[in-house]
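Peer 1: I am sharing target_22.txt, which consists of compact mmCIF, C-alpha atoms and all ligand atoms:
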```
# COMPACT_ATOMS: atom_id res chain seq x y z
CA MET C 1 -61.85 -44.91 48.82
CA LYS C 2 -64.18 -46.48 46.29
CA LEU C 3 -62.42 -46.06 43.01
CA ASN C 4 -60.38 -48.00 40.49
CA LEU C 5 -57.19 -46.12 39.80
CA LEU C 6 -54.86 -46.04 36.81
CA ILE C 7 -51.51 -44.27 37.21
CA THR C 8 -49.61 -43.52 34.01
CA GLY C 9 -45.87 -43.23 34.53
CA GLY C 10 -46.39 -45.20 37.74
CA LEU C 11 -42.92 -46.76 37.62
CA GLY C 12 -41.29 -43.32 37.64
CA TYR C 13 -40.22 -41.23 40.60
CA ILE C 14 -43.50 -39.57 41.68
CA GLY C 15 -45.58 -42.45 40.30
CA SER C 16 -43.88 -45.09 42.44
CA PHE C 17 -44.40 -43.07 45.65
CA THR C 18 -48.03 -42.45 44.69
CA ALA C 19 -48.63 -46.16 43.89
CA LYS C 20 -47.00 -47.16 47.19
CA LYS C 21 -49.17 -44.73 49.22
CA TYR C 22 -52.30 -45.85 47.38
CA LEU C 23 -51.52 -49.51 48.18
CA ARG C 24 -50.86 -48.70 51.84
CA LYS C 25 -54.06 -46.67 52.16
CA THR C 26 -56.52 -48.87 50.23
CA ARG C 27 -54.79 -52.27 50.51
CA LYS C 28 -55.26 -52.71 46.78
CA LYS C 29 -52.86 -52.17 43.93
CA SER C 30 -53.42 -49.48 41.34
CA LEU C 31 -53.02 -50.28 37.66
CA VAL C 32 -49.90 -48.76 36.11
CA ILE C 33 -49.09 -48.01 32.49
CA ASP C 34 -45.45 -47.22 31.83
CA ASN C 35 -43.22 -47.84 28.82
CA LEU C 36 -40.11 -47.88 31.05
CA SER C 37 -38.45 -45.28 28.84
CA ARG C 38 -37.43 -43.61 32.11
CA GLY C 39 -39.00 -45.61 34.91
CA ASN C 40 -37.49 -48.36 36.98
CA PHE C 41 -38.70 -51.84 37.59
CA PHE C 42 -37.68 -51.60 41.26
CA ALA C 43 -41.09 -50.04 41.97
CA LYS C 44 -43.15 -52.79 40.30
CA LYS C 45 -44.23 -54.45 43.55
CA TYR C 46 -46.56 -51.56 44.44
CA SER C 47 -48.85 -51.93 41.40
CA HIS C 48 -50.18 -54.15 38.61
CA ASN C 49 -48.09 -53.13 35.62
CA ASN C 50 -48.59 -52.93 31.86
CA ILE C 51 -45.39 -52.09 30.05
CA ILE C 52 -46.76 -50.22 27.02
CA ASP C 53 -46.77 -46.72 25.62
CA ILE C 54 -49.66 -44.50 26.70
CA SER C 55 -50.49 -43.90 23.03
CA ASN C 56 -51.17 -47.62 22.48
CA SER C 57 -54.79 -48.13 21.37
CA LYS C 58 -55.00 -51.34 23.46
CA LEU C 59 -55.37 -49.00 26.38
CA THR C 60 -59.13 -48.52 26.03
CA LYS C 61 -59.62 -52.29 26.43
CA ILE C 62 -57.30 -52.36 29.47
CA ILE C 63 -59.25 -49.50 31.07
CA GLU C 64 -62.59 -51.18 30.40
CA LYS C 65 -61.44 -54.63 31.56
CA ASN C 66 -60.17 -53.20 34.86
CA LYS C 67 -63.22 -50.93 35.32
CA ILE C 68 -60.94 -47.93 35.75
CA ASP C 69 -62.82 -44.72 36.66
CA THR C 70 -59.98 -42.42 37.79
CA ILE C 71 -56.61 -41.60 36.23
CA ILE C 72 -53.54 -39.87 37.61
CA HIS C 73 -51.58 -39.00 34.49
CA LEU C 74 -47.85 -38.67 35.22
CA ALA C 75 -46.25 -40.27 32.14
CA SER C 76 -44.11 -37.72 30.35
CA PHE C 77 -40.56 -36.72 29.65
CA THR C 78 -39.80 -34.26 32.38
CA CYS C 79 -36.67 -32.20 31.94
CA VAL C 80 -36.72 -28.50 30.92
CA ARG C 81 -33.05 -28.50 29.88
CA GLU C 82 -33.35 -31.75 27.87
CA SER C 83 -36.45 -30.42 26.10
CA ILE C 84 -34.52 -27.39 24.82
CA LYS C 85 -31.87 -29.70 23.33
CA LYS C 86 -34.22 -32.47 22.10
CA LYS C 87 -37.32 -30.65 20.85
CA GLN C 88 -38.47 -33.46 18.55
CA LYS C 89 -38.39 -36.04 21.34
CA TYR C 90 -40.60 -33.82 23.50
CA PHE C 91 -42.96 -33.10 20.61
CA LYS C 92 -43.41 -36.84 20.04
CA ASN C 93 -44.02 -37.38 23.74
CA TYR C 94 -46.62 -34.58 23.73
CA LYS C 95 -48.39 -36.19 20.74
CA SER C 96 -48.50 -39.52 22.62
CA GLN C 97 -50.19 -37.77 25.53
CA ILE C 98 -52.84 -36.22 23.28
CA LYS C 99 -53.51 -39.62 21.68
CA PHE C 100 -53.81 -41.09 25.17
CA ILE C 101 -56.40 -38.49 26.23
CA GLU C 102 -58.37 -39.07 22.99
CA ASN C 103 -58.49 -42.81 23.79
CA VAL C 104 -59.39 -42.19 27.43
CA LYS C 105 -62.32 -40.05 26.30
CA LYS C 106 -63.78 -43.16 24.61
CA THR C 107 -64.04 -44.91 28.00
CA ASN C 108 -65.97 -44.34 31.23
CA ILE C 109 -63.32 -42.34 33.07
CA ARG C 110 -64.95 -39.90 35.52
CA HIS C 111 -61.89 -38.13 36.94
CA PHE C 112 -58.65 -37.23 35.21
CA ILE C 113 -55.81 -35.75 37.30
CA PHE C 114 -52.95 -34.24 35.31
CA SER C 115 -49.48 -33.38 36.66
CA SER C 116 -48.52 -30.07 35.14
CA SER C 117 -45.67 -27.87 36.29
CA LEU C 118 -44.98 -24.52 37.98
CA SER C 119 -42.27 -24.04 35.36
CA VAL C 120 -44.88 -22.27 33.24
CA PHE C 121 -44.54 -19.25 35.56
CA GLU C 122 -42.00 -16.67 36.38
CA LYS C 123 -42.63 -14.17 39.16
CA ASN C 124 -46.42 -14.52 39.23
CA LYS C 125 -46.81 -14.29 35.43
CA PHE C 126 -46.89 -16.83 32.66
CA LYS C 127 -43.34 -17.01 31.44
CA LYS C 128 -42.85 -15.44 27.99
CA ASN C 129 -39.97 -17.53 26.79
CA LEU C 130 -41.17 -21.04 27.54
CA SER C 131 -39.17 -24.25 27.08
CA PRO C 132 -40.74 -27.01 24.94
CA TYR C 133 -41.40 -28.97 28.17
CA SER C 134 -43.48 -26.16 29.69
CA THR C 135 -45.10 -25.23 26.34
CA TYR C 136 -46.46 -28.79 26.05
CA LYS C 137 -47.65 -28.81 29.66
CA LEU C 138 -49.71 -25.69 28.90
CA LYS C 139 -51.01 -27.13 25.62
CA ILE C 140 -52.17 -30.30 27.39
CA GLU C 141 -53.85 -28.18 30.11
CA LYS C 142 -55.74 -26.30 27.38
CA TYR C 143 -56.68 -29.47 25.52
CA LEU C 144 -57.99 -31.01 28.75
CA LYS C 145 -60.05 -27.89 29.41
CA LYS C 146 -61.63 -28.26 25.99
CA VAL C 147 -62.59 -31.92 26.49
CA SER C 148 -63.60 -31.70 30.16
CA SER C 149 -67.28 -32.21 31.01
CA LYS C 150 -69.45 -32.99 34.00
CA ASN C 151 -68.88 -36.69 33.28
CA PHE C 152 -65.15 -36.23 32.63
CA LYS C 153 -63.84 -33.98 35.40
CA VAL C 154 -60.32 -32.67 35.02
CA ILE C 155 -58.06 -31.62 37.89
CA ILE C 156 -54.76 -29.99 36.92
CA LEU C 157 -52.07 -29.97 39.58
CA ARG C 158 -49.07 -27.79 38.77
CA TYR C 159 -46.25 -29.36 40.78
CA PRO C 160 -43.18 -27.49 42.02
CA ASN C 161 -39.73 -29.19 41.83
CA ILE C 162 -39.98 -32.56 43.49
CA ILE C 163 -36.99 -33.90 45.42
CA GLY C 164 -36.20 -36.20 48.36
CA SER C 165 -36.34 -39.92 49.12
CA ASP C 166 -38.04 -42.30 51.48
CA PRO C 167 -35.94 -41.84 54.67
CA SER C 168 -35.91 -45.64 55.13
CA GLY C 169 -33.80 -45.88 51.96
CA LYS C 170 -36.35 -48.19 50.31
CA LEU C 171 -37.53 -45.85 47.56
CA GLY C 172 -36.25 -42.78 45.75
CA GLU C 173 -35.35 -41.34 42.39
CA ASN C 174 -33.25 -43.50 40.09
CA ASN C 175 -33.05 -41.84 36.70
CA ASN C 176 -30.08 -42.56 34.46
CA PHE C 177 -31.33 -40.40 31.60
CA ILE C 178 -31.42 -36.88 32.99
CA SER C 179 -29.43 -35.14 35.73
CA ARG C 180 -31.64 -33.57 38.34
CA ILE C 181 -30.13 -30.99 40.63
CA VAL C 182 -29.84 -32.88 43.94
CA PRO C 183 -28.46 -36.25 42.68
CA LEU C 184 -26.08 -34.33 40.39
CA PHE C 185 -24.72 -32.17 43.23
CA TYR C 186 -24.49 -35.21 45.51
CA LYS C 187 -22.43 -37.26 43.04
CA LYS C 188 -20.06 -34.36 42.34
CA LEU C 189 -19.64 -33.49 46.03
CA MET C 190 -18.84 -37.10 46.90
CA LYS C 191 -16.21 -37.31 44.14
CA ARG C 192 -14.91 -33.80 44.99
CA LYS C 193 -15.58 -32.74 41.38
CA LYS C 194 -16.28 -29.21 40.20
CA ILE C 195 -19.95 -28.23 39.99
CA ILE C 196 -21.38 -25.86 37.36
CA LEU C 197 -23.80 -23.48 39.02
CA TYR C 198 -26.17 -21.70 36.66
CA TYR C 199 -26.39 -17.96 37.24
CA ASP C 200 -28.06 -14.98 35.58
CA TYR C 201 -25.33 -12.37 35.07
CA ARG C 202 -27.82 -9.89 33.66
CA ARG C 203 -30.02 -9.89 36.76
CA LYS C 204 -27.16 -10.79 39.10
CA THR C 205 -29.09 -13.64 40.63
CA TYR C 206 -29.04 -17.42 41.05
CA PRO C 207 -32.14 -19.22 39.70
CA SER C 208 -34.56 -20.15 42.46
CA ARG C 209 -37.18 -22.86 42.59
CA ASN C 210 -39.94 -24.05 44.86
CA TYR C 211 -39.06 -27.53 46.19
CA MET C 212 -41.37 -30.15 47.66
CA HIS C 213 -40.70 -33.59 49.10
CA VAL C 214 -41.88 -36.50 46.95
CA GLN C 215 -43.82 -37.97 49.90
CA ASP C 216 -45.73 -34.70 50.31
CA ILE C 217 -46.70 -34.71 46.61
CA ALA C 218 -47.72 -38.38 46.82
CA ASN C 219 -49.82 -37.56 49.92
CA ILE C 220 -51.42 -34.66 48.05
CA ASN C 221 -52.28 -36.98 45.13
CA LEU C 222 -53.91 -39.37 47.58
CA LYS C 223 -55.80 -36.58 49.37
CA VAL C 224 -57.16 -35.37 46.03
CA LEU C 225 -58.47 -38.90 45.38
CA GLU C 226 -60.07 -39.04 48.84
CA ASN C 227 -61.72 -35.65 48.31
CA LEU C 228 -62.94 -35.98 44.71
CA LYS C 229 -66.44 -34.92 45.75
CA LYS C 230 -65.11 -31.48 46.70
CA PHE C 231 -64.02 -30.81 43.10
CA LYS C 232 -67.38 -29.74 41.77
CA LYS C 233 -66.50 -27.97 38.54
CA LYS C 234 -65.69 -29.80 35.30
CA TYR C 235 -62.20 -28.26 35.20
CA HIS C 236 -59.96 -27.28 38.14
CA ILE C 237 -56.46 -25.91 38.12
CA PHE C 238 -54.14 -25.53 41.13
CA ASN C 239 -50.60 -24.39 41.74
CA ILE C 240 -48.93 -26.46 44.43
CA GLN C 241 -46.03 -25.07 46.39
CA ASN C 242 -44.01 -25.27 49.56
CA ASN C 243 -43.49 -22.28 51.90
CA LYS C 244 -40.35 -20.85 50.39
CA GLU C 245 -38.15 -20.77 47.25
CA TYR C 246 -34.45 -21.69 47.33
CA SER C 247 -31.69 -20.87 44.85
CA ASN C 248 -29.38 -23.50 43.34
CA PHE C 249 -26.63 -21.97 45.48
CA GLU C 250 -28.68 -22.54 48.66
CA VAL C 251 -29.35 -26.15 47.59
CA LEU C 252 -25.62 -26.75 47.14
CA LYS C 253 -24.75 -25.10 50.47
CA CYS C 254 -27.38 -27.06 52.38
CA LEU C 255 -26.44 -30.42 50.81
CA SER C 256 -22.71 -29.92 51.31
CA LYS C 257 -23.34 -29.14 54.99
CA ILE C 258 -25.49 -32.26 55.45
CA ILE C 259 -22.93 -34.61 53.90
CA ASN C 260 -19.99 -32.61 55.19
CA LYS C 261 -18.21 -32.15 51.83
CA LYS C 262 -16.80 -28.83 50.71
CA PRO C 263 -18.16 -27.67 47.32
CA PHE C 264 -16.01 -26.61 44.34
CA PHE C 265 -17.99 -24.69 41.77
CA SER C 266 -17.87 -22.23 38.89
CA LEU C 267 -20.68 -20.12 37.42
CA LYS C 268 -22.30 -20.37 33.99
CA GLN C 269 -24.93 -18.16 32.34
CA ILE C 270 -28.37 -19.81 32.52
CA ASN C 271 -30.48 -20.29 29.39
CA LYS C 272 -33.38 -17.77 29.33
CA LYS C 273 -35.88 -20.58 28.86
CA GLU C 274 -35.01 -22.10 32.23
CA SER C 275 -37.16 -19.95 34.43
CA ILE C 276 -35.30 -17.82 36.92
CA ASN C 277 -37.62 -17.32 39.84
CA GLN C 278 -40.29 -19.93 40.09
CA ILE C 279 -42.78 -18.10 42.27
CA TYR C 280 -46.50 -18.19 41.92
CA LYS C 281 -49.06 -17.23 44.50
CA SER C 282 -52.18 -19.33 44.07
CA LYS C 283 -55.64 -17.86 44.20
CA ASP C 284 -57.22 -21.19 45.11
CA ASP C 285 -55.49 -23.02 47.91
CA ILE C 286 -55.63 -26.72 47.22
CA LEU C 287 -54.00 -27.57 50.54
CA LYS C 288 -56.91 -25.97 52.42
CA LEU C 289 -59.45 -27.69 50.21
CA ILE C 290 -58.03 -31.16 50.83
CA LYS C 291 -56.94 -30.30 54.41
CA TYR C 292 -53.28 -31.16 54.00
CA LYS C 293 -50.35 -29.79 55.96
CA ILE C 294 -46.94 -30.09 54.30
CA LYS C 295 -44.67 -32.38 56.33
CA TYR C 296 -41.29 -31.45 54.85
CA ASP C 297 -41.50 -27.65 54.99
CA SER C 298 -37.81 -26.73 54.69
CA LEU C 299 -35.01 -27.58 52.29
CA ASN C 300 -32.90 -28.97 55.11
CA LYS C 301 -35.64 -31.42 56.20
CA ILE C 302 -36.14 -32.56 52.59
CA LEU C 303 -32.46 -33.08 51.80
CA GLN C 304 -31.86 -35.03 55.06
CA THR C 305 -34.13 -37.79 53.72
CA ASN C 306 -31.74 -38.72 50.88
CA ALA C 307 -28.93 -40.22 52.99
CA LYS C 308 -29.83 -43.93 52.89
CA TRP C 309 -31.18 -43.98 49.33
CA PHE C 310 -28.19 -42.14 47.83
CA LYS C 311 -25.75 -44.42 49.67
CA LYS C 312 -27.55 -47.41 48.19
CA ILE C 313 -27.66 -46.31 44.55
CA TYR C 314 -24.57 -44.10 44.06
N1 LIG K 1 -40.15 -34.39 39.24
C1 LIG K 1 -40.47 -33.12 39.24
O1 LIG K 1 -39.76 -32.28 39.81
C2 LIG K 1 -41.73 -32.64 38.55
C3 LIG K 1 -42.09 -31.28 38.65
C4 LIG K 1 -43.25 -30.84 37.99
C5 LIG K 1 -44.04 -31.74 37.27
N2 LIG K 1 -43.64 -33.04 37.19
C6 LIG K 1 -44.46 -33.96 36.39
O2 LIG K 1 -44.79 -35.11 37.14
C7 LIG K 1 -44.83 -36.26 36.28
C8 LIG K 1 -43.95 -37.38 36.84
O3 LIG K 1 -42.61 -36.90 36.95
P1 LIG K 1 -41.44 -37.82 37.53
O4 LIG K 1 -40.46 -36.91 38.16
O5 LIG K 1 -42.00 -38.93 38.31
O6 LIG K 1 -40.80 -38.34 36.17
P2 LIG K 1 -40.17 -39.78 35.82
O7 LIG K 1 -39.38 -39.59 34.58
O8 LIG K 1 -39.48 -40.36 37.01
O9 LIG K 1 -41.47 -40.64 35.53
C9 LIG K 1 -42.20 -40.53 34.34
C10 LIG K 1 -42.57 -41.93 33.90
O10 LIG K 1 -43.33 -41.86 32.69
C11 LIG K 1 -42.92 -42.90 31.84
N3 LIG K 1 -43.24 -42.48 30.46
C12 LIG K 1 -42.77 -41.38 29.79
N4 LIG K 1 -43.33 -41.32 28.57
C13 LIG K 1 -44.18 -42.38 28.45
C14 LIG K 1 -45.04 -42.85 27.44
N5 LIG K 1 -45.14 -42.20 26.26
N6 LIG K 1 -45.75 -43.98 27.67
C15 LIG K 1 -45.66 -44.65 28.85
N7 LIG K 1 -44.86 -44.24 29.85
C16 LIG K 1 -44.12 -43.12 29.66
C17 LIG K 1 -41.43 -43.09 32.10
O11 LIG K 1 -40.97 -44.39 31.75
C18 LIG K 1 -41.37 -42.83 33.61
O12 LIG K 1 -41.47 -44.00 34.36
C19 LIG K 1 -44.39 -35.77 34.90
O13 LIG K 1 -45.54 -35.51 34.12
C20 LIG K 1 -43.67 -34.48 35.20
O14 LIG K 1 -43.70 -33.58 34.12
C21 LIG K 1 -42.52 -33.52 37.80
```
Once more with this new file: its structure as C-alpha cells, please.

Peer 2:
Amino acid sequence: MKLNLLITGGLGYIGSFTAKKYLRKTRKKSLVIDNLSRGNFFAKKYSHNNIIDISNSKLTKIIEKNKIDTIIHLASFTCVRESIKKKQKYFKNYKSQIKFIENVKKTNIRHFIFSSSLSVFEKNKFKKNLSPYSTYKLKIEKYLKKVSSKNFKVIILRYPNIIGSDPSGKLGENNNFISRIVPLFYKKLMKRKKIILYYDYRRKTYPSRNYMHVQDIANINLKVLENLKKFKKKYHIFNIQNNKEYSNFEVLKCLSKIINKKPFFSLKQINKKESINQIYKSKDDILKLIKYKIKYDSLNKILQTNAKWFKKIY
C-alpha cells in the first residue's frame, strides 16, 4: 500500500484498531492527531502521535512535513444521547471539524475518508427528528460533497454501531466519558444492579440497532485504503451494516447468557431523537466493491470477544 496515512481520532476506539491493523499490514506507523478529549494513551504504540486539536492551524505544516496524502477522519464526539443534552459542545466539535477540512484543503491530500453514521436513518428514510450528533454528521457529509474534486476524492462511510474487543484482551473500548450500551450493561450485570432499558411505548417496541465488530470496521477501513483505485468518482457514500439488527433487549439477553448473570431491568420511554429502528438497505454494496466478508456476523460472536478486555478494565 503506497500511501502516507493520517488518522484523526486515532487514539480512540475505532482509531486504535485501525492504526493497529495499518501497522500490521504495512509495517509502518500511521500519523495520528488526537486531542485526547476522549481517547486513551494505551493505544499510542500503534502510531506516531500529535496531541493537538484537529482545528489547530499547525496541522497543514504537519501534513506537509509528513507527506500525508490520505486521511481517515474519525475525530469527533460520538454519542447521540450526550449530544441532545450538550448541544453547544457538539456544535463546537462540528465547527472544529469544518475548520480541519478547510485546512486540509490547503494541502495535497488526495483521499479523504469520513466516518459518518447510520444514525441518520430510520427504516430506510432519513430520520426527521435528528439528534445534534446526526445533524452534524449530515452537515459534514454535505460540506465534503461541496469541496470534493478529482484531486480531493471523498469517501463517506456510514458506520453502524460498533462494539466488541480484541479477543486477546489487548485492545478494546475504554471511554470514561460516555456510557455505551455493552460496557454499561456489563458493569450493571456484574454488580447485579438494575438496568434501564429504553422502550417506545407508543410503537410498543424496543429500539434496534445494527451492530458490527470493531475489528470488522477496522478491516473495512484498511480494505478501502487498499482499493482506493476502485473509487473513481470525486464523492462516494456508503452505508455499512451487518446482516441483522438487534434490539437493546436482545443485547441484554445475549450478554447476560454469555457471562451467566441474571438481568434486573425496568423500562423507560426513549427520546424520539434516538432513532428506533436503525435499518437501511444500501444501493451500493461497499463490501462487494472491496471484496470483504464480515467475520463477526452475529451478536453472540461479537459479544463473546469482550471477556478478557472487560475483565482487565472493569
Ligand atoms: N463507535 C460507534 O459505534 C460509531 C458509530 C458510527 C460512527 N462512529 C464514528 O466513528 C468515529 C470514531 O468513533 P469512536 O467510537 O472511535 O469514538 P472515540 O470517542 O473512541 O474516538 C474519537 C477520538 O477523537 C478524539 N477527538 C474528538 N474531538 C477531537 C478534536 N476536536 N480534535 C482532536 N481529537 C478529537 C477523541 O479524543 C477520541 O480519541 C467518530 O467520528 C464516530 O462518530 C462511531

Peer 1: Stretch 51-68 of chain C: which residues within 9 Å, counting only C-alpha atoms, same-chain residues fewer than 4 positions away excluded, as a list of chain:residue names?

Peer 2: C:Leu3, C:Asn4, C:Leu5, C:Leu6, C:Thr8, C:Gly9, C:Leu31, C:Val32, C:Ile33, C:Asp34, C:Asn35, C:Leu36, C:Ala75, C:Lys95, C:Ser96, C:Gln97, C:Ile98, C:Lys99, C:Phe100, C:Ile101, C:Asn103, C:Val104, C:Lys106, C:Thr107, C:Asn108, C:Ile109, C:Arg110

Peer 1: Stretch 111-119 of chain C: which residues within 9 Å, counting only C-alpha atoms, same-chain residues fewer than 6 positions away excluded, as a PyMOL selection string?

Peer 2: chain C and resi 69-75+80+126-127+130-131+133-134+137-138+140-141+144+148+151-161+209-210+221+224+228+239-241+274-275+278-280

Peer 1: Interatomic distance between atom CA of C:Phe249 and atom CA of C:Leu184?

Peer 2: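 Spanning atom CA of C:Phe249 to atom CA of C:Leu184 is a straight-line distance of 13.4 Å.
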
Peer 1: What's the separation between atom CA of C:Lys232 and atom C10 of ligand LIG 1 (chain K), in Å to one decimal place?

Peer 2: 28.7 Å

Peer 1: Could you check the closest approach to ligand LIG 1 (chain K) for each of C:Lys273, C:Lys105, C:Lys268, C:Arg38 and tell me which residue wins, using only C-alpha atoms and all ligand atoms?

Peer 2: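 Smallest separation from ligand LIG 1 (chain K) among the options: C:Arg38.
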
Peer 1: To one decimal in Å, tell me the separation between atom CA of C:Lys128 and atom CA of C:Lys272.

Peer 2: 9.8 Å

Peer 1: If I put a ball of radius 10 Å at (-27.6, -13.5, 37.8) in the file's coordinates, which residues poke into it when counting only C-alpha atoms, written as a list in words?

Peer 2: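 Those residues lying close to the given coordinates are Tyr198, Tyr199, Asp200, Tyr201, Arg202, Arg203, Lys204, Thr205, Tyr206, Pro207, Leu267, Lys268, Gln269, Ile270 and Ile276 of chain C.
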